[in-house]
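Asks: The following block contains the structure, expressed as structure tokens.
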Amino acid sequence: MSATTSWLTTLRSSFTGTPTLPGPALLFSTLMNNEAKSIARGLQRRDPELLDRLIEQYQYRLFRYLMFITGNKERAEDFFQETWIRVLERGHQYDGKSKFEAWLFAIARHLVIDWQRTKKPQSLDTLTDPEQEHPLQLANENEPSPLHQVLSRESEENVQASLGKIPAIYREVLVLRFQEELQIEEMAGVLSVPPSTVKSRLYRGLEALRGAMQGGAAS
């Protein structure tokens, strides 16, 4: 399966639910939990070999995430370096109860937000929600999602280009959910918001992405 097919297939799946784990997936989940605990122990020991392995394993995903939320290669590179410094300094705080990548993204996100607070709000594509999570009426679950209606004729390149046109707060949740494949609860931990807020941002993000794909202005 090509990267494009995989990306579009994932996007077309439901974003609000957590699928029931079959036997093999449950075993895989157990192995992942064991790995997270092993990483936690290694970080507490400041194991240099572990840190090298983590950087090698997650460097692409971390840099991609930072590129999406900053929109600037130089800034992403700076935050990339700073994030790994924080991992080394605060590794003892990771307890292995969540995925390592969720903890890693949370560190990176906090660095970006701290930087954003030093800038003029009107000149920055911010990660804070201007609507302050006003109540949202979700579409009928039996109806096609906004993405289902347009993705069947969109290419990977168009999806990526359209993501760059929508507000960072919505771009971020779409990247975390459909590229990094985090679950709603894991995303809530990264963003420090309730799961209901994650779902709200996902829905608004999908609407904004549909508008960008159709050539409209992102909201």
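The way I read the labels, and the way they are meant: chains A, B, ... in the order of the structure tokens, residue 1 as the first residue of every chain, and ligand 1 as the first ligand shown, with later ones counted on from there.
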Report as CSV: every residue of segment 160-207 of chain A with an atom at most 12 Å from segment 58-70 of chain A, its closest pair of atoms, and their distance in Å to one decimal, counting only C-alpha atoms, with rows sorted by chain and ascending residue number.

Replies:
residue,atom,partner,partner_atom,distance
A:Gln160,CA,A:Phe68,CA,9.7
A:Ala161,CA,A:Phe68,CA,10.9
A:Ser162,CA,A:Phe68,CA,11.6
A:Leu163,CA,A:Phe68,CA,8.3
A:Gly164,CA,A:Phe68,CA,7.3
A:Lys165,CA,A:Phe68,CA,10.6
A:Ile166,CA,A:Phe68,CA,10.5
A:Pro167,CA,A:Ile69,CA,9.1
A:Ala168,CA,A:Ile69,CA,5.6
A:Ile169,CA,A:Ile69,CA,7.8
A:Tyr170,CA,A:Ile69,CA,9.5
A:Arg171,CA,A:Phe68,CA,7.1
A:Glu172,CA,A:Ile69,CA,6.0
A:Val173,CA,A:Ile69,CA,9.8
A:Leu174,CA,A:Phe68,CA,10.1
A:Val175,CA,A:Tyr65,CA,7.2
A:Leu176,CA,A:Tyr65,CA,7.9
A:Arg177,CA,A:Tyr65,CA,11.5
A:Phe178,CA,A:Tyr65,CA,11.8
A:Gln179,CA,A:Arg61,CA,9.0
A:Glu180,CA,A:Arg61,CA,7.6
A:Glu181,CA,A:Arg61,CA,11.3

Asks: Kindly give the distance, in Å, that separates atom CA of Asn33 of chain A and atom CA of Gln81 of chain A, rounded to a single decimal.

Replies: 26.6 Å

Asks: Skipping near chain neighbours, those fewer than 4 positions away, what residues fall within 7 Å of Gln44 of chain A using only C-alpha atoms, listed as a list in words?

Replies: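 After dropping sequence-adjacent residues, the list is Ala40, Gly91 and His92 of chain A.
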
Asks: Compare A:Gln183, A:Ser192, A:Gln214, A:Thr118 by their minimum atom-to-atom distance to Val159 of chain A, counting only C-alpha atoms, and give me the closest one.

Replies: A:Gln214

Asks: With only C-alpha atoms as the atoms that count, which of A:Gly42, A:Glu157, A:Ile184, A:Arg109 lies nearest to Ser200 of chain A?

Replies: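 The closest residue to Ser200 of chain A is A:Ile184.
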